[in-house]
Each structure stands twice: as C-alpha cells, then as structure tokens.
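Data file: my_file-v9.cif. Format and content: mmCIF, C-alpha atoms.
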```
data_start
#
loop_
_atom_site.label_atom_id
_atom_site.label_comp_id
_atom_site.auth_asym_id
_atom_site.auth_seq_id
_atom_site.Cartn_x
_atom_site.Cartn_y
_atom_site.Cartn_z
CA MET I 1 1.82 -187.26 -39.08
CA LYS I 2 3.74 -186.30 -36.07
CA LYS I 3 6.97 -186.55 -37.92
CA CYS I 4 5.59 -184.33 -40.70
CA HIS I 5 4.45 -181.71 -38.20
CA VAL I 6 7.85 -181.69 -36.51
CA GLU I 7 9.60 -181.25 -39.85
CA LYS I 8 7.24 -178.42 -40.82
CA TYR I 9 7.77 -176.67 -37.48
CA ARG I 10 11.52 -177.09 -37.83
CA ASN I 11 11.50 -175.50 -41.31
CA LYS I 12 9.48 -172.54 -40.05
CA LEU I 13 11.91 -172.02 -37.16
CA LEU I 14 14.89 -172.08 -39.50
CA LEU I 15 13.16 -169.62 -41.83
CA TYR I 16 12.37 -167.34 -38.89
CA LYS I 17 16.01 -167.39 -37.69
CA TYR I 18 17.21 -166.76 -41.22
CA LEU I 19 14.93 -163.74 -41.70
CA ARG I 20 15.77 -162.37 -38.28
CA ARG I 21 19.52 -162.66 -39.01
CA LYS I 22 19.03 -161.06 -42.44
CA ASN I 23 17.12 -158.12 -40.95
CA ARG I 24 19.72 -157.68 -38.24
CA VAL I 25 22.54 -157.57 -40.82
CA LYS I 26 20.54 -155.09 -42.90
CA TYR I 27 19.88 -152.91 -39.82
CA ASN I 28 23.53 -152.95 -38.75
CA ARG I 29 24.67 -152.07 -42.26
CA ARG I 30 22.21 -149.15 -42.38
CA LYS I 31 23.31 -147.98 -38.92
CA LYS I 32 26.96 -148.10 -40.01
CA ASN I 33 26.23 -146.10 -43.16
CA ILE I 34 24.45 -143.41 -41.14
CA SER I 35 27.38 -143.25 -38.69
CA ASN I 36 29.85 -142.91 -41.55
CA ARG I 37 27.85 -140.07 -43.07
CA LEU I 38 27.71 -138.25 -39.74
CA LEU I 39 31.40 -138.84 -39.19
CA GLY I 40 32.10 -137.47 -42.65
CA LYS I 41 30.20 -134.31 -41.79
CA THR I 42 32.15 -133.79 -38.57
CA HIS I 43 35.41 -134.24 -40.48
CA GLN I 44 34.54 -131.51 -42.98
CA GLY I 45 37.16 -128.76 -42.68
CA LEU I 46 39.02 -130.66 -39.95
CA PRO I 47 42.82 -130.48 -40.41
CA LYS I 48 44.96 -133.59 -40.32
CA PRO I 49 46.17 -134.55 -36.82
CA ASN I 50 49.80 -134.13 -37.96
CA ILE I 51 50.25 -130.35 -37.63
CA VAL I 52 53.45 -128.74 -38.93
CA ILE I 53 54.66 -125.51 -37.30
CA PRO I 54 55.81 -123.05 -40.02
CA SER I 55 59.51 -122.28 -40.42
CA ASN I 56 59.00 -118.61 -39.57
CA LEU I 57 57.15 -118.07 -36.30
CA SER I 58 57.02 -114.28 -36.52
CA PHE I 59 53.67 -112.48 -36.81
CA GLY I 60 55.18 -109.51 -38.62
CA ASN I 61 56.33 -111.67 -41.53
CA ASN I 62 54.09 -114.73 -41.50
CA TRP I 63 50.70 -113.91 -39.96
CA GLU I 64 48.47 -116.07 -42.17
CA ALA I 65 50.48 -119.28 -41.81
CA ILE I 66 50.92 -118.94 -38.04
CA VAL I 67 47.27 -118.16 -37.30
CA LYS I 68 46.10 -121.02 -39.53
CA VAL I 69 48.26 -123.49 -37.59
CA LEU I 70 47.00 -122.15 -34.23
CA ASN I 71 43.39 -122.52 -35.38
CA ASP I 72 44.12 -126.03 -36.69
CA ILE I 73 45.44 -127.08 -33.26
CA ARG I 74 42.26 -125.79 -31.60
CA LYS I 75 40.00 -127.54 -34.14
CA VAL I 76 41.69 -130.92 -33.70
CA ILE I 77 41.69 -130.65 -29.90
CA LYS I 78 38.02 -129.61 -29.83
CA TYR I 79 37.08 -132.50 -32.13
CA ARG I 80 38.93 -134.99 -29.94
CA PHE I 81 37.25 -133.61 -26.83
CA VAL I 82 33.69 -133.63 -28.25
CA TYR I 83 33.85 -136.98 -30.08
CA HIS I 84 36.30 -138.75 -27.72
CA ASP I 85 38.59 -139.35 -30.67
CA LYS I 86 41.64 -141.48 -29.77
CA GLN I 87 43.61 -140.72 -32.93
CA ILE I 88 47.20 -139.70 -32.20
CA MET I 89 47.91 -136.00 -32.73
CA SER I 90 51.43 -134.78 -33.42
CA ILE I 91 52.92 -131.28 -33.63
CA ASP I 92 55.94 -131.13 -35.91
CA HIS I 93 58.55 -128.49 -34.94
CA SER I 94 61.30 -129.78 -37.24
CA LYS I 95 60.97 -127.06 -39.90
CA MET I 96 61.26 -124.12 -37.47
CA THR I 97 64.18 -121.82 -38.29
CA GLN I 98 63.03 -118.40 -37.03
CA VAL I 99 61.00 -117.48 -33.95
CA SER I 100 59.91 -114.33 -32.14
CA PRO I 101 58.89 -113.87 -28.46
CA SER I 102 55.28 -113.21 -29.52
CA GLY I 103 55.19 -116.30 -31.74
CA ILE I 104 56.55 -118.53 -28.98
CA LEU I 105 54.14 -117.17 -26.37
CA VAL I 106 51.03 -117.54 -28.54
CA LEU I 107 52.00 -121.07 -29.62
CA ALA I 108 52.82 -122.16 -26.05
CA SER I 109 49.61 -120.70 -24.60
CA THR I 110 47.50 -122.31 -27.35
CA ILE I 111 49.01 -125.71 -26.57
CA GLU I 112 48.62 -125.24 -22.81
CA ARG I 113 44.95 -124.15 -23.04
CA SER I 114 44.19 -126.98 -25.48
CA GLN I 115 45.68 -129.50 -23.05
CA LYS I 116 43.57 -128.22 -20.17
CA PHE I 117 40.43 -127.98 -22.31
CA ALA I 118 40.62 -131.58 -23.55
CA ASN I 119 42.53 -132.99 -20.56
CA ILE I 120 45.24 -134.53 -22.76
CA LYS I 121 49.02 -134.69 -22.72
CA PHE I 122 51.28 -134.21 -25.72
CA GLN I 123 54.18 -136.62 -26.07
CA GLY I 124 57.58 -135.66 -27.47
CA ASN I 125 59.05 -137.34 -30.54
CA SER I 126 62.71 -136.73 -31.45
CA LYS I 127 61.88 -136.68 -35.18
CA LEU I 128 59.47 -133.77 -34.65
CA LEU I 129 61.82 -131.54 -32.63
CA PRO I 130 63.44 -128.45 -34.19
CA LYS I 131 66.82 -128.88 -35.88
CA ASP I 132 67.87 -125.22 -35.73
CA ASP I 133 70.21 -124.56 -32.79
CA VAL I 134 68.97 -121.02 -32.01
CA VAL I 135 65.33 -122.15 -32.04
CA ARG I 136 66.14 -125.04 -29.70
CA TYR I 137 67.94 -122.65 -27.35
CA LEU I 138 65.10 -120.08 -27.28
CA LEU I 139 62.43 -122.72 -26.67
CA ASN I 140 64.59 -124.10 -23.85
CA GLU I 141 64.88 -120.63 -22.30
CA ILE I 142 61.15 -120.02 -22.20
CA ASP I 143 60.54 -123.52 -20.77
CA TYR I 144 58.39 -124.50 -23.76
CA TRP I 145 59.09 -128.24 -23.65
CA LYS I 146 57.27 -128.77 -20.35
CA TYR I 147 54.05 -128.98 -22.39
CA PHE I 148 55.44 -132.05 -24.18
CA ASN I 149 57.05 -133.81 -21.20
CA VAL I 150 60.42 -133.32 -22.94
CA PRO I 151 63.62 -132.25 -21.13
CA LYS I 152 65.58 -129.27 -22.42
CA LEU I 153 67.18 -129.95 -25.79
CA GLU I 154 70.92 -130.06 -26.32
CA THR I 155 72.36 -127.00 -28.09
CA SER I 156 75.82 -125.68 -28.85
CA ILE I 157 74.84 -122.12 -27.88
CA THR I 158 76.55 -120.99 -24.71
CA GLN I 159 76.74 -117.20 -25.12
CA ASN I 160 74.48 -115.11 -22.94
CA ARG I 161 72.79 -113.23 -25.79
CA PHE I 162 69.17 -113.78 -24.75
CA SER I 163 67.47 -113.40 -21.40
CA PHE I 164 63.91 -114.74 -21.14
CA PHE I 165 61.37 -114.42 -18.38
CA LYS I 166 59.54 -117.75 -18.31
CA ILE I 167 55.85 -117.61 -19.23
CA LEU I 168 53.62 -116.07 -16.57
CA ASP I 169 49.87 -116.73 -16.66
CA SER I 170 46.90 -115.94 -14.45
CA TYR I 171 43.11 -115.69 -14.42
CA GLU I 172 43.15 -112.46 -12.37
CA VAL I 173 44.96 -109.11 -12.29
CA ASP I 174 48.07 -110.36 -10.53
CA ASN I 175 49.96 -107.14 -9.78
CA SER I 176 52.53 -108.90 -7.60
CA GLN I 177 53.56 -111.33 -10.35
CA ILE I 178 53.81 -108.52 -12.93
CA GLY I 179 55.92 -106.55 -10.44
CA LYS I 180 58.24 -109.55 -9.92
CA MET I 181 58.81 -109.78 -13.68
CA ILE I 182 59.86 -106.10 -13.85
CA GLU I 183 62.12 -106.59 -10.82
CA PHE I 184 63.72 -109.58 -12.56
CA PHE I 185 64.67 -107.38 -15.52
CA GLU I 186 65.94 -104.53 -13.32
CA LYS I 187 69.08 -106.59 -12.73
CA GLN I 188 69.92 -106.10 -16.42
CA VAL I 189 67.80 -103.08 -17.40
CA GLY I 190 67.76 -99.55 -16.02
CA PHE I 191 64.56 -97.45 -15.93
CA ASN I 192 64.77 -93.66 -15.83
CA GLY I 193 61.96 -91.15 -15.49
CA ASP I 194 58.47 -92.61 -15.45
CA THR I 195 59.16 -95.65 -17.61
CA LYS I 196 58.94 -98.29 -14.88
CA ARG I 197 55.57 -97.04 -13.57
CA LEU I 198 54.13 -96.69 -17.08
CA LEU I 199 55.22 -100.23 -18.01
CA PHE I 200 53.62 -101.62 -14.86
CA THR I 201 50.39 -99.67 -15.54
CA ALA I 202 50.24 -100.85 -19.17
CA LEU I 203 50.65 -104.54 -18.24
CA CYS I 204 48.10 -104.31 -15.42
CA GLU I 205 45.61 -102.57 -17.74
CA ALA I 206 46.02 -105.34 -20.32
CA ALA I 207 45.36 -107.98 -17.63
CA ALA I 208 42.36 -106.06 -16.27
CA ASN I 209 40.83 -105.75 -19.75
CA THR I 210 41.13 -109.52 -20.23
CA VAL I 211 39.58 -110.37 -16.86
CA GLU I 212 36.67 -107.97 -17.39
CA HIS I 213 35.98 -108.24 -21.13
CA GLY I 214 38.08 -111.05 -22.59
CA TYR I 215 35.95 -114.15 -22.08
CA THR I 216 32.23 -114.57 -22.64
CA HIS I 217 31.38 -117.27 -20.08
CA SER I 218 29.03 -116.31 -17.28
CA LYS I 219 31.24 -118.49 -15.09
CA PHE I 220 34.94 -117.68 -15.45
CA GLU I 221 36.94 -120.89 -16.02
CA LYS I 222 40.14 -120.53 -14.01
CA ASN I 223 41.93 -123.36 -15.82
CA THR I 224 41.40 -122.15 -19.39
CA ASP I 225 40.30 -118.49 -19.34
CA ARG I 226 43.63 -116.84 -18.64
CA TRP I 227 46.14 -114.33 -19.91
CA TRP I 228 49.81 -115.07 -20.66
CA LEU I 229 52.85 -112.81 -20.39
CA THR I 230 56.55 -113.07 -21.17
CA ALA I 231 59.48 -110.75 -21.80
CA ASN I 232 62.96 -111.04 -23.23
CA ILE I 233 66.19 -109.17 -23.85
CA ASP I 234 68.24 -109.59 -27.03
CA LYS I 235 71.65 -108.15 -26.19
CA LYS I 236 72.96 -108.50 -29.75
CA ASP I 237 70.10 -106.51 -31.31
CA CYS I 238 69.78 -104.32 -28.18
CA THR I 239 66.02 -104.84 -27.87
CA ILE I 240 63.63 -105.55 -25.02
CA SER I 241 60.22 -107.09 -25.72
CA PHE I 242 57.19 -107.48 -23.45
CA VAL I 243 54.45 -109.72 -24.86
CA PHE I 244 50.90 -110.10 -23.55
CA TYR I 245 48.24 -112.46 -24.93
CA ASP I 246 44.75 -113.69 -24.11
CA GLN I 247 42.56 -116.19 -25.99
CA GLY I 248 39.26 -114.44 -25.35
CA MET I 249 36.61 -113.24 -27.79
CA GLY I 250 38.75 -110.38 -29.11
CA ILE I 251 38.46 -106.59 -28.96
CA PHE I 252 35.81 -106.13 -31.66
CA LYS I 253 33.38 -108.74 -30.35
CA SER I 254 33.71 -107.23 -26.87
CA LEU I 255 32.98 -103.75 -28.30
CA GLU I 256 29.75 -105.04 -29.84
CA ASP I 257 28.60 -106.13 -26.37
CA HIS I 258 30.08 -103.18 -24.48
CA LYS I 259 28.11 -101.80 -21.53
CA LEU I 260 28.66 -98.18 -22.59
CA ASP I 261 26.36 -96.92 -25.37
CA LYS I 262 29.05 -94.44 -26.37
CA VAL I 263 31.46 -97.26 -27.22
CA GLN I 264 28.85 -99.25 -29.16
CA LYS I 265 27.91 -96.18 -31.21
CA ILE I 266 31.53 -95.46 -32.14
CA PHE I 267 32.05 -99.08 -33.15
CA SER I 268 28.93 -99.26 -35.34
CA LYS I 269 29.62 -95.82 -36.88
CA VAL I 270 33.15 -96.78 -37.94
CA HIS I 271 31.90 -100.00 -39.54
CA ARG I 272 29.12 -98.15 -41.31
CA LEU I 273 31.22 -95.32 -42.73
CA ILE I 274 34.67 -96.88 -43.26
CA LYS I 275 35.09 -99.70 -45.76
CA ASP I 276 38.90 -99.90 -45.87
CA LYS I 277 40.38 -101.71 -42.82
CA PRO I 278 37.63 -100.66 -40.36
CA ASN I 279 38.83 -102.93 -37.52
CA ALA I 280 42.42 -101.70 -37.79
CA LYS I 281 41.16 -98.10 -37.67
CA ILE I 282 39.17 -98.92 -34.54
CA LEU I 283 42.42 -100.06 -32.89
CA GLN I 284 44.03 -96.80 -34.01
CA HIS I 285 41.12 -94.79 -32.59
CA MET I 286 41.22 -96.62 -29.25
CA LEU I 287 44.91 -95.80 -28.81
CA ARG I 288 44.28 -92.11 -29.44
CA ASN I 289 41.05 -91.68 -27.46
CA ASN I 290 39.97 -92.68 -23.99
CA LEU I 291 37.01 -95.09 -24.09
CA SER I 292 37.53 -96.43 -20.58
CA LYS I 293 34.70 -96.03 -18.05
CA TYR I 294 37.32 -95.83 -15.28
CA LYS I 295 38.92 -92.54 -14.27
CA THR I 296 41.12 -93.83 -11.46
CA ILE I 297 44.88 -94.05 -11.36
CA ASN I 298 44.67 -97.83 -10.89
CA ARG I 299 42.96 -98.44 -14.25
CA GLY I 300 44.52 -95.59 -16.24
CA TYR I 301 42.91 -94.55 -19.52
CA GLY I 302 42.19 -97.75 -21.36
CA MET I 303 44.42 -98.64 -24.29
CA GLN I 304 46.04 -95.20 -24.18
CA THR I 305 48.17 -96.52 -21.33
CA PHE I 306 49.77 -98.95 -23.81
CA LYS I 307 51.25 -96.14 -25.90
CA HIS I 308 52.22 -93.93 -22.94
CA PHE I 309 54.99 -96.39 -22.12
CA ILE I 310 56.24 -96.34 -25.75
CA ASP I 311 56.22 -92.51 -25.78
CA GLU I 312 58.26 -92.41 -22.57
CA ALA I 313 60.68 -95.11 -23.75
CA GLN I 314 61.71 -92.86 -26.70
CA ASP I 315 62.59 -95.54 -29.25
CA GLY I 316 60.10 -98.37 -29.51
CA LEU I 317 56.98 -99.74 -31.14
CA LEU I 318 53.63 -101.01 -29.96
CA PHE I 319 51.92 -103.82 -31.88
CA ILE I 320 48.28 -104.65 -31.12
CA ALA I 321 46.47 -107.46 -32.94
CA SER I 322 43.00 -108.88 -32.38
CA GLU I 323 40.84 -111.13 -34.54
CA ASN I 324 41.57 -110.07 -38.16
CA ALA I 325 43.33 -106.71 -37.65
CA SER I 326 46.53 -105.18 -36.30
CA TYR I 327 47.86 -101.69 -35.64
CA GLU I 328 51.46 -100.62 -35.13
CA TYR I 329 52.34 -97.42 -33.25
CA PRO I 330 54.02 -94.96 -33.86
CA LYS I 331 54.61 -96.11 -37.47
CA ASN I 332 50.83 -95.95 -37.98
CA ILE I 333 50.70 -99.25 -39.90
CA LEU I 334 47.19 -100.70 -40.25
CA LYS I 335 46.60 -104.25 -41.53
CA GLU I 336 43.72 -106.69 -41.87
CA TYR I 337 44.09 -110.41 -42.55
CA LYS I 338 42.22 -113.39 -43.94
CA ASN I 339 42.82 -115.69 -40.94
CA GLU I 340 41.56 -114.48 -37.56
CA LEU I 341 43.70 -114.63 -34.43
CA ASN I 342 41.90 -115.99 -31.39
CA GLY I 343 41.92 -113.25 -28.72
CA THR I 344 44.25 -110.26 -28.39
CA LEU I 345 48.03 -109.93 -28.71
CA ILE I 346 50.00 -106.90 -27.46
CA VAL I 347 53.74 -106.43 -27.98
CA TRP I 348 55.93 -103.62 -26.64
CA LYS I 349 59.37 -103.66 -28.31
CA ILE I 350 61.98 -101.15 -27.17
CA GLN I 351 65.30 -100.32 -28.84
CA VAL I 352 67.88 -99.78 -26.10
CA GLY I 353 71.57 -99.10 -25.59
CA TYR I 354 74.15 -98.99 -22.80
CA ASP I 355 73.88 -95.22 -22.25
CA ASN I 356 72.45 -94.74 -18.76
CA ASN I 357 71.08 -91.34 -19.78
CA LEU I 358 68.41 -93.12 -21.85
CA ASN I 359 64.98 -93.63 -20.27
CA ILE I 360 65.49 -97.40 -20.68
CA TYR I 361 68.99 -98.81 -21.02
CA LEU I 362 70.98 -102.02 -20.63
CA ARG I 363 73.25 -102.23 -17.64
CA LYS I 364 76.88 -102.94 -18.44
CA GLU I 365 78.09 -106.28 -17.18
CA SER I 366 80.66 -105.97 -14.42
#
```

Could you quickly redo this structure as structure tokens?
Amino acid sequence: MKKCHVEKYRNKLLLYKYLRRKNRVKYNRRKKNISNRLLGKTHQGLPKPNIVIPSNLSFGNNWEAIVKVLNDIRKVIKYRFVYHDKQIMSIDHSKMTQVSPSGILVLASTIERSQKFANIKFQGNSKLLPKDDVVRYLLNEIDYWKYFNVPKLETSITQNRFSFFKILDSYEVDNSQIGKMIEFFEKQVGFNGDTKRLLFTALCEAAANTVEHGYTHSKFEKNTDRWWLTANIDKKDCTISFVFYDQGMGIFKSLEDHKLDKVQKIFSKVHRLIKDKPNAKILQHMLRNNLSKYKTINRGYGMQTFKHFIDEAQDGLLFIASENASYEYPKNILKEYKNELNGTLIVWKIQVGYDNNLNIYLRKES
C-alpha cells in the first residue's frame, strides 16, 4: 500500500509540474505577442535608422526632401530615447552634391540638438561621407564633422573662395557673440551708412524672439532650447549670407498663444478670411506691420527690423520660413509646403561687389 501511495503521489507531482510548465510557456508566449503588437504600433510611421541626406541641401530648390529628412532624424532619435532602443543609426552623406549655408546650419543644429536630447554620439563611417569635393570643403569650413567625431576631410580645394563663420549657438540674447561675428567679417567686408547697426539689430531681434516666444517649456532647457547662427562669404558669386535658426514651436503656434489680443485677432482673422497660403500671408503682413509690444531701440519693431537691413543693403533678399510656409522679400514670393519645418529659419543674402561706395562691399585683398 505504501508503495502504491508513493507512486500515486509521484504521478500527481509530475502532472502538477507539467501543467505549471505548460501554463508558464502559454503565459510567456502571450506576453511576447502583446509586446510585439505594442512594438509594431510604436514602429508605425517610424523611418528606417539608415537616413540618407538628399543630394541637394538647398531649401529654395528642395524643401520637401530636406524637411522630411530632418523630421526623420528627430523621430528616430526620439524613439531611441523613449524606448531605449540600441539599434545603430547611420546618417548617409555620400549622395550630397550641392549645399547652401542655410541647409548646412539646419542639418547641423538638428543633429546637435538630437544628440543632447537623447545623450548619444554619432560615429563616422568612411562609406557614408560625401564624395563631392566642394561639399567636403564647405562642411570642413563650418566645423560640421565635430558632431560625428570625425577629423576634417581631405579635399583638393585650396582656393580661398569661401569664408565661413563657424556655427554660433546660445540659449540667451548674446549680443557680444553676435558683435564678434560682425567684427570677424569686417576684415573682409565694408559697411557704409547704417548697414552695420541694422544687421546687428536684426540678429539680436531674431535671438530675442526665440528666447521669449520660441520654446513652449515652462522651464527653459539650456542644453536643447537654443538658437543657431552662421554666416559666409562666397567671393566667386559675390554674396554674403547670414543664417539664423531655432527649433522652437514656430511663428504661427506662438501667434495662437500670443499675450496681445491684437495679435491673436489678426492671426485668426487671416485664417478665417484667406484660404490661399494664409500662413505665408501672415509672414508677409508681419514684415510690413509692427506687431511688437516693445517700443524701445533695443528691441526695434519686431520682424520689420529684418527687412530694414535688406532695404539699406540695396541688393539682397530676405527669406523667412516657419512650419509649413515661407516668404521672400522683396520679390514677394509666398509658398506653403506639405512637410513642416521645425521652428523658424531666417536668411539674409546680400549681393555685393568691390566698389567701396556700396553700402556693403567686399574689401580688396592687399
């Protein structure tokens, strides 16, 4: 009898272990299926981690492709930060053949902010570097490769055609740094009349707008909530460009939350009455009319200060883009796009010569 009882007990124990193991396998399989479904949802709309920079990095000619790539970089970085994803991300520069100062600045600032946001480092890969000699040279000049821990690339270009001011960034209205940039260019550029003061005022106004209205956080994040600025001279095309960019909420979202009722009413009225390119027409209106609550010489007259410099410079253009719209002055070109740019981009591009009677001119090399 005892032996029979032992055998019976042993069979029950084996059955219990078997059922427990079976239930555990079933539970783990169910848990895995749920995780896969959730993971599938988080991957919806997520771009592949191998991001290819378009061949033409110029907003005037290739807005949609550039903005899509910038947004893809942000999406992948945000996903990696939230879900602690360890998948390798690569940025392929090999197809780049044409760049502009604004394209370089926006790309570089997007990469820098993404790094600080997710606390990651990009690694360089020789197969993913640009092949075009001019592109390699320009990216060297602006010190772009520091974001990838890559030394300056070898190029065959030795002529002194371009002069770049390396990227300047700050979380405050840094008048001294902006002044140093203008002083740097005074070695090669002459300013007559009021052009120097108007340029300084325009850049400071852009920085002040970003600090006050650009970012929505109640607590300003010094590491990520910044503005970026660069400038360059192209001696072959005889042009000078100053480029300002922030990655804030954009002009139109800030207008919706503006403290002045007057500004909110204008914004809502334009959107209610105008169906064709309303955002672009708002940019046009803001350049022509003073919406600033400040009446002091330090803050100028809002976005009107941006065009005052162009008017004084005689031969130039002002390009303002935010979210899905852009406006070009004085050509009066209004555009709206499918892909939305994160933040606000401002470009002042001046056509110059070597005649020192011009309000802005290139100094002749001695």

Item to complete: Run through the PyMOL selection byres ((chain I and resi 242) around 9) on the given coordinates and return the selected residues as a PyMOL selection string.
Response: chain I and resi 101-102+203+229-232+240-241+243-244+346-350

Export C-alpha atoms of the chosen residues as a PDB file, keeping the file's coordinate frame?
```pdb
ATOM      1  CA  PRO I 101      58.890-113.870 -28.460  1.00  0.00           C
ATOM      2  CA  SER I 102      55.280-113.210 -29.520  1.00  0.00           C
ATOM      3  CA  LEU I 203      50.650-104.540 -18.240  1.00  0.00           C
ATOM      4  CA  LEU I 229      52.850-112.810 -20.390  1.00  0.00           C
ATOM      5  CA  THR I 230      56.550-113.070 -21.170  1.00  0.00           C
ATOM      6  CA  ALA I 231      59.480-110.750 -21.800  1.00  0.00           C
ATOM      7  CA  ASN I 232      62.960-111.040 -23.230  1.00  0.00           C
ATOM      8  CA  ILE I 240      63.630-105.550 -25.020  1.00  0.00           C
ATOM      9  CA  SER I 241      60.220-107.090 -25.720  1.00  0.00           C
ATOM     10  CA  VAL I 243      54.450-109.720 -24.860  1.00  0.00           C
ATOM     11  CA  PHE I 244      50.900-110.100 -23.550  1.00  0.00           C
ATOM     12  CA  ILE I 346      50.000-106.900 -27.460  1.00  0.00           C
ATOM     13  CA  VAL I 347      53.740-106.430 -27.980  1.00  0.00           C
ATOM     14  CA  TRP I 348      55.930-103.620 -26.640  1.00  0.00           C
ATOM     15  CA  LYS I 349      59.370-103.660 -28.310  1.00  0.00           C
ATOM     16  CA  ILE I 350      61.980-101.150 -27.170  1.00  0.00           C
TER      17      ILE I 350
END
```

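Those residues returned by the PyMOL selection byres ((chain I and resi 115) around 12) for this file are Ile73, Arg74, Val76, Ile77, Lys78, Arg80, Phe81, Met89, Ala108, Ser109, Thr110, Ile111, Glu112, Arg113, Ser114, Lys116, Phe117, Ala118, Asn119, Ile120, Lys121, Phe122, Gln123, Lys146, Tyr147, Phe148, Asn223 and Thr224 of chain I.
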
Fill in: Sel. within 12 Å of pt (49.2, -108.1, -27.8), counting all atoms listed in the file, output as number ranges by chain
I: 59, 101-103, 105-106, 202-203, 206-207, 209-210, 227-230, 241-247, 250-251, 283, 303, 306, 317-323, 325-328, 341-349

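For Thr155 (chain I), the non-local neighbours within 7 Å, defined as residues at least 4 positions apart in the same chain or in other chains and counting all atoms listed in the file, are Asp133, Arg136 and Tyr137 of chain I.
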
Practice prompt. Compile the contact shell of Thr305 (chain I) as number ranges by chain: residues with an atom at most 8 Å away, counting only C-alpha atoms, same-chain residues fewer than 5 positions apart removed.
Written response: I: 198, 201-202, 205, 300

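Atom pair CA of Lys338 (chain I) / CA of Asn279 (chain I) has a distance of 12.7 Å (rounded to one decimal).
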
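Shortest atom-to-atom contact with Asn140 (chain I) among I:Thr239, I:Asn125, I:Asn61, I:Phe162: I:Phe162, counting all atoms listed in the file.
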
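Interatomic distance, CA of Gln314 (chain I) to CA of Tyr361 (chain I): 11.0 Å.
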
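Among the candidates I:Val211, I:Leu362, I:Val134, I:Ala280, the residue lying nearest to Met249 (chain I) is I:Val211 (atoms considered: only C-alpha atoms).
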
Worksheet item: Using all atoms listed in the file, which residues sit within 8 Å of Tyr337 (chain I) once same-chain residues fewer than 4 positions away are excluded, as a ChimeraX atom specification?
Response: /I:63-64,324-325

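Residue nearest Thr216 (chain I) within the list I:Lys253, I:Lys127, I:Lys275, I:His308: I:Lys253 [criterion: smallest interatomic distance, only C-alpha atoms].
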
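Distance-wise, CA of Arg226 (chain I) and CA of Gly248 (chain I) end up 8.4 Å apart.
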
Practice prompt. Would you mind telling me which residue in I:Cys238, I:Ile282, I:Ala313, I:Ala65 lies nearest to Val352 (chain I) when using all atoms listed in the file?
Written response: I:Cys238

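Residues with any atom within 12 Å of the point (61.1, -109.8, -12.4), counting all atoms listed in the file, are Ser163, Phe164, Phe165, Lys166, Ile167, Leu168, Asn175, Ser176, Gln177, Ile178, Gly179, Lys180, Met181, Ile182, Glu183, Phe184, Phe185, Glu186, Lys187, Gln188, Val189, Lys196, Phe200, Leu229, Thr230, Ala231, Asn232 and Phe242 of chain I.
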
Output the selection as a compact mmCIF listing (two decimals), in the coordinates of the input - C-alpha atoms for each residue.
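Okay, result10.txt is ready:
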```txt
# COMPACT_ATOMS: atom_id res chain seq x y z
CA SER I 163 67.47 -113.40 -21.40
CA PHE I 164 63.91 -114.74 -21.14
CA PHE I 165 61.37 -114.42 -18.38
CA LYS I 166 59.54 -117.75 -18.31
CA ILE I 167 55.85 -117.61 -19.23
CA LEU I 168 53.62 -116.07 -16.57
CA ASN I 175 49.96 -107.14 -9.78
CA SER I 176 52.53 -108.90 -7.60
CA GLN I 177 53.56 -111.33 -10.35
CA ILE I 178 53.81 -108.52 -12.93
CA GLY I 179 55.92 -106.55 -10.44
CA LYS I 180 58.24 -109.55 -9.92
CA MET I 181 58.81 -109.78 -13.68
CA ILE I 182 59.86 -106.10 -13.85
CA GLU I 183 62.12 -106.59 -10.82
CA PHE I 184 63.72 -109.58 -12.56
CA PHE I 185 64.67 -107.38 -15.52
CA GLU I 186 65.94 -104.53 -13.32
CA LYS I 187 69.08 -106.59 -12.73
CA GLN I 188 69.92 -106.10 -16.42
CA VAL I 189 67.80 -103.08 -17.40
CA LYS I 196 58.94 -98.29 -14.88
CA PHE I 200 53.62 -101.62 -14.86
CA LEU I 229 52.85 -112.81 -20.39
CA THR I 230 56.55 -113.07 -21.17
CA ALA I 231 59.48 -110.75 -21.80
CA ASN I 232 62.96 -111.04 -23.23
CA PHE I 242 57.19 -107.48 -23.45
```

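Nearest-residue note for Asn332 (chain I): choosing from I:Gln98, I:Leu287, I:Ser254, I:Pro130, the minimum distance belongs to I:Leu287, counting only C-alpha atoms.
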
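Of the listed residues I:Gly316, I:Gly302, I:Leu334, I:Ser55, the one whose atoms come nearest to Pro278 (chain I) is I:Leu334, with distances taken using only C-alpha atoms.
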